[in-house]
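Asker: If you scroll down you'll find the structure; I have some questions about it.
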There are 2 protein chains.
Amino acid sequence: MATSARQGPYFCGIDAAMDVVAGKWKSLILWELHHHGTRRFSELRRGLPGVSEKMLVQHLREMEEDGLVDREVYPVVPPKVEYSLTEHGISLNAALASLSAWGGERIRRIGAEKITLDEPTAVEVDVEVG
Amino acid sequence: MATSARQGPYFCGIDAAMDVVAGKWKSLILWELHHHGTRRFSELRRGLPGVSEKMLVQHLREMEEDGLVDREVYPVVPPKVEYSLTEHGISLNAALASLSAWGGERIRRIGAEKITLDEPTAVEVDVEVG
DNA sequence: CAGGATCCTCACCGATACTG
DNA sequence: CAGTATCGGTGAGGATCCTG
């Protein structure tokens, strides 16, 4: 049991969906995994500026428990763990599309500042790192 | 300023949308107003079993501030205040549709208990209460 | 590299009492 | 009826240190 049992009685579908997406970084994790297919722990951490390891692990575990993400551990040294979306995670992401669009509209409407998460090409970054 | 300023920098559209829907009862309020068109304060309170007046007012104020709900005060005695969705609230509701469907699927999948919010006929309830 | 274990803070939410 | 004001609990989230 990872921090929360869930499965609790729900008022409606939105309630059930929100329960799964609730958490400061979950939708971002969903977004990251969706756009990259597969990501290592450290990659996710770099992709989500500001997240703490604790929260990242915790959210990842809950999402795994909820059947949204798949966690694959490679028994190598140094350790390597890869995360990816399950089919349910993918469908959830699709279901979030219209909400995302609405939010985009809202950002424009109220003129809020927007933070760019994704690295430009992920290739040039590699060059910088190396 | 009602409890929160928001407008904060967002990572993406989902983030901006979640910010507006965050709050234990907001999606339910949205749902109530969507299905009834217009509701008085006490009606909303009855429609959302378990909500406290404080939270209901607070959420309503925030949603008004976010341009989701419209608040109309009738200068009569006893006081009468009606809440309804603005066009943004309506479009948000529409954007939540697919998420709601996904949540419905999930409820079925995990076999979670579901609570019926809306009164069956609102007439039989009256009988039980009386 | 990928976490586990701890401590701490704050805002979310609930309950109660009072008012125009 | 439709709120306002206040107090207090709880847990999500954050910071830091430690480990296989």
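If you're wondering about the labels, chains in the structure tokens are A, B, ... by order shown, residues count from 1 in each chain, ligands from 1 in order shown.
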What does the Cα RMSD come to when chain B is optimally superposed on chain A over every C-alpha atom in order?

Answerer: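 My reading of the C-alpha RMSD is 1.3 Å.
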
Asker: With only C-alpha atoms (C1' of nucleotides) as the counted atoms, please give the residues lying no more than 12 Å from DA17 in chain C, apart from itself and same-chain residues fewer than 5 positions off, as a list of chain:residue names.

Answerer: D:DT4, D:DA5, D:DT6, D:DC7

Asker: Using only C-alpha atoms (C1' of nucleotides) for the distances, tell me which of B:Cys12, B:Met55, B:Leu44, B:Val20 is nearest to DC13 in chain C.

Answerer: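 Of all the options, B:Met55 lies closest to DC13 in chain C.
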
Asker: Could you make a table, as CSV, of the residues of chain A that have an atom within 8 Å of an atom of chain C, each with its nearest atom pair and distance in Å to one decimal, counting only C-alpha atoms (C1' of nucleotides), in chain and number order?

Answerer:
```
residue,atom,partner,partner_atom,distance
A:Phe41,CA,C:DA2,C1',7.0
A:Ser42,CA,C:DC1,C1',7.6
A:Val57,CA,C:DG3,C1',7.6
A:Pro78,CA,C:DC1,C1',5.6
A:Pro79,CA,C:DC1,C1',5.2
A:Lys80,CA,C:DC1,C1',6.6
A:Val81,CA,C:DA2,C1',7.4
```

Asker: Store the residues picked out above, limited to all heavy atoms, as an mmCIF file, in the first residue's frame.

Answerer:
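What ended up in selection_7.cif:
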```cif
data_model
loop_
_atom_site.group_PDB
_atom_site.id
_atom_site.type_symbol
_atom_site.label_atom_id
_atom_site.label_comp_id
_atom_site.auth_asym_id
_atom_site.auth_seq_id
_atom_site.Cartn_x
_atom_site.Cartn_y
_atom_site.Cartn_z
ATOM 1 N N PHE A 41 14.430 7.006 -14.062
ATOM 2 C CA PHE A 41 14.102 7.823 -12.891
ATOM 3 C C PHE A 41 14.764 9.193 -12.947
ATOM 4 O O PHE A 41 14.114 10.224 -12.802
ATOM 5 C CB PHE A 41 14.518 7.092 -11.614
ATOM 6 C CG PHE A 41 14.118 7.803 -10.360
ATOM 7 C CD1 PHE A 41 12.831 7.695 -9.859
ATOM 8 C CD2 PHE A 41 15.033 8.592 -9.682
ATOM 9 C CE1 PHE A 41 12.454 8.349 -8.703
ATOM 10 C CE2 PHE A 41 14.666 9.264 -8.528
ATOM 11 C CZ PHE A 41 13.377 9.138 -8.033
ATOM 12 N N SER A 42 16.047 9.180 -13.190
ATOM 13 C CA SER A 42 16.792 10.445 -13.211
ATOM 14 C C SER A 42 16.351 11.345 -14.360
ATOM 15 O O SER A 42 16.375 12.566 -14.250
ATOM 16 C CB SER A 42 18.287 10.173 -13.305
ATOM 17 O OG SER A 42 18.561 9.344 -14.412
ATOM 18 N N VAL A 57 9.107 9.430 -6.449
ATOM 19 C CA VAL A 57 8.976 8.004 -6.149
ATOM 20 C C VAL A 57 7.563 7.689 -5.694
ATOM 21 O O VAL A 57 6.932 6.737 -6.169
ATOM 22 C CB VAL A 57 9.954 7.587 -5.034
ATOM 23 C CG1 VAL A 57 9.747 6.131 -4.682
ATOM 24 C CG2 VAL A 57 11.371 7.825 -5.462
ATOM 25 N N PRO A 78 25.574 0.465 -12.483
ATOM 26 C CA PRO A 78 24.651 1.092 -11.532
ATOM 27 C C PRO A 78 23.194 0.786 -11.864
ATOM 28 O O PRO A 78 22.894 0.473 -13.012
ATOM 29 C CB PRO A 78 24.949 2.583 -11.689
ATOM 30 C CG PRO A 78 25.482 2.716 -13.075
ATOM 31 C CD PRO A 78 26.243 1.472 -13.330
ATOM 32 N N PRO A 79 22.340 0.874 -10.864
ATOM 33 C CA PRO A 79 20.925 0.545 -11.009
ATOM 34 C C PRO A 79 20.274 1.263 -12.178
ATOM 35 O O PRO A 79 20.633 2.386 -12.508
ATOM 36 C CB PRO A 79 20.329 1.036 -9.683
ATOM 37 C CG PRO A 79 21.443 0.980 -8.726
ATOM 38 C CD PRO A 79 22.671 1.321 -9.515
ATOM 39 N N LYS A 80 19.325 0.584 -12.772
ATOM 40 C CA LYS A 80 18.602 1.195 -13.889
ATOM 41 C C LYS A 80 17.141 0.792 -13.802
ATOM 42 O O LYS A 80 16.815 -0.404 -13.767
ATOM 43 C CB LYS A 80 19.200 0.734 -15.218
ATOM 44 C CG LYS A 80 18.471 1.259 -16.434
ATOM 45 C CD LYS A 80 19.125 0.756 -17.713
ATOM 46 C CE LYS A 80 18.333 1.179 -18.944
ATOM 47 N NZ LYS A 80 18.929 0.645 -20.182
ATOM 48 N N VAL A 81 16.267 1.800 -13.756
ATOM 49 C CA VAL A 81 14.834 1.555 -13.689
ATOM 50 C C VAL A 81 14.145 2.395 -14.743
ATOM 51 O O VAL A 81 14.390 3.593 -14.838
ATOM 52 C CB VAL A 81 14.262 1.915 -12.301
ATOM 53 C CG1 VAL A 81 12.763 1.692 -12.266
ATOM 54 C CG2 VAL A 81 14.947 1.084 -11.222
#
```

Asker: What residues in chain A have any atom no more than 10 Å from chain B when counting only C-alpha atoms, and can you write them as an MDAnalysis selection string?

Answerer: chainID A and resid 6:22 24:28 31 48 66 88 91:108 110:118

Asker: Can you work out which residues from chain D touch chain B at a cut-off of 8 Å (counting only C-alpha atoms (C1' of nucleotides)) and hand them back as a list in words?

Answerer: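 Residues passing the distance filter: DC1, DA2 and DG3 of chain D.
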
Asker: Which distance in Å separates CA of Leu68 in chain B and CA of Ile90 in chain B, to one decimal?

Answerer: 7.7 Å

Asker: Considering only alpha helix (DSSP H) as DSSP defines it on the backbone, what residues of chain B qualify? List them as number ranges by chain.

Answerer: B: 13-21, 26-36, 41-47, 53-65, 87-95, 97-110, 124-129

Asker: Atoms to include: C-alpha atoms. Write the selected residues as a short mmCIF file (atom, residue, chain, number, x, y, z; two decimals), in the first residue's frame.

Answerer:
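Result file is result.cif:
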```cif
data_model
loop_
_atom_site.label_atom_id
_atom_site.label_comp_id
_atom_site.auth_asym_id
_atom_site.auth_seq_id
_atom_site.Cartn_x
_atom_site.Cartn_y
_atom_site.Cartn_z
CA GLY B 13 -2.72 23.24 -19.97
CA ILE B 14 -3.58 20.36 -17.69
CA ASP B 15 -1.85 22.13 -14.88
CA ALA B 16 -3.91 25.26 -15.46
CA ALA B 17 -7.12 23.27 -15.67
CA MET B 18 -6.35 21.19 -12.60
CA ASP B 19 -5.65 24.34 -10.67
CA VAL B 20 -9.17 25.48 -11.32
CA VAL B 21 -10.82 22.14 -10.59
CA LYS B 26 -15.39 21.74 -7.29
CA SER B 27 -15.97 19.10 -9.90
CA LEU B 28 -19.14 18.10 -8.09
CA ILE B 29 -20.33 21.71 -8.01
CA LEU B 30 -19.63 21.89 -11.71
CA TRP B 31 -21.62 18.73 -12.19
CA GLU B 32 -24.54 19.96 -10.10
CA LEU B 33 -24.79 23.29 -11.85
CA HIS B 34 -24.43 21.62 -15.19
CA HIS B 35 -27.32 19.24 -14.59
CA HIS B 36 -29.63 21.73 -12.93
CA PHE B 41 -26.99 27.94 -2.13
CA SER B 42 -29.09 25.64 0.02
CA GLU B 43 -29.92 23.47 -2.96
CA LEU B 44 -26.24 22.99 -3.71
CA ARG B 45 -25.64 22.19 -0.09
CA ARG B 46 -28.28 19.50 -0.12
CA GLY B 47 -27.03 18.20 -3.44
CA GLU B 53 -21.01 25.72 4.36
CA LYS B 54 -17.55 27.13 4.65
CA MET B 55 -16.11 24.96 1.91
CA LEU B 56 -19.10 25.44 -0.33
CA VAL B 57 -18.89 29.22 -0.09
CA GLN B 58 -15.13 29.18 -0.47
CA HIS B 59 -15.19 26.98 -3.55
CA LEU B 60 -18.04 28.95 -5.04
CA ARG B 61 -16.14 32.20 -4.54
CA GLU B 62 -13.00 30.81 -6.12
CA MET B 63 -14.92 29.46 -9.05
CA GLU B 64 -16.62 32.81 -9.46
CA GLU B 65 -13.25 34.48 -9.38
CA GLU B 87 -19.70 29.90 -20.66
CA HIS B 88 -16.23 29.05 -19.40
CA GLY B 89 -17.74 26.80 -16.76
CA ILE B 90 -19.81 25.09 -19.40
CA SER B 91 -16.85 24.55 -21.69
CA LEU B 92 -14.81 23.23 -18.78
CA ASN B 93 -17.56 20.78 -18.07
CA ALA B 94 -17.48 19.65 -21.66
CA ALA B 95 -13.71 19.27 -21.47
CA ALA B 97 -16.51 14.73 -20.28
CA SER B 98 -13.86 12.37 -21.61
CA LEU B 99 -12.12 12.34 -18.26
CA SER B 100 -15.43 11.50 -16.66
CA ALA B 101 -15.86 8.63 -19.08
CA TRP B 102 -12.39 7.34 -18.29
CA GLY B 103 -13.18 7.53 -14.59
CA GLY B 104 -16.39 5.64 -15.15
CA GLU B 105 -14.41 2.91 -16.86
CA ARG B 106 -12.01 2.80 -13.98
CA ILE B 107 -14.80 2.48 -11.44
CA ARG B 108 -16.10 -0.52 -13.31
CA ARG B 109 -12.61 -1.94 -13.72
CA ILE B 110 -11.66 -1.85 -10.07
CA GLU B 124 -39.49 10.44 -2.04
CA VAL B 125 -36.56 11.99 -0.25
CA ASP B 126 -38.87 14.61 1.07
CA VAL B 127 -41.06 11.88 2.49
CA GLU B 128 -38.17 10.28 4.32
CA VAL B 129 -36.98 13.55 5.73
#
```

Asker: Could you tell me how far CA of Gly50 in chain A lies from C1' of DC18 in chain D, in Å and to one decimal?

Answerer: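 It comes out at 21.4 Å.
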
Asker: Go through range 25-85 of chain B and collect every residue that DSSP, computed from the backbone, puts in strand (DSSP E); the answer should be as an MDAnalysis selection string.

Answerer: chainID B and resid 38:40 69:74 80:85

Asker: For CA of Leu85 in chain B and CA of Gly37 in chain B, determine how far apart the two atoms are, in Å to one decimal place.

Answerer: 7.3 Å
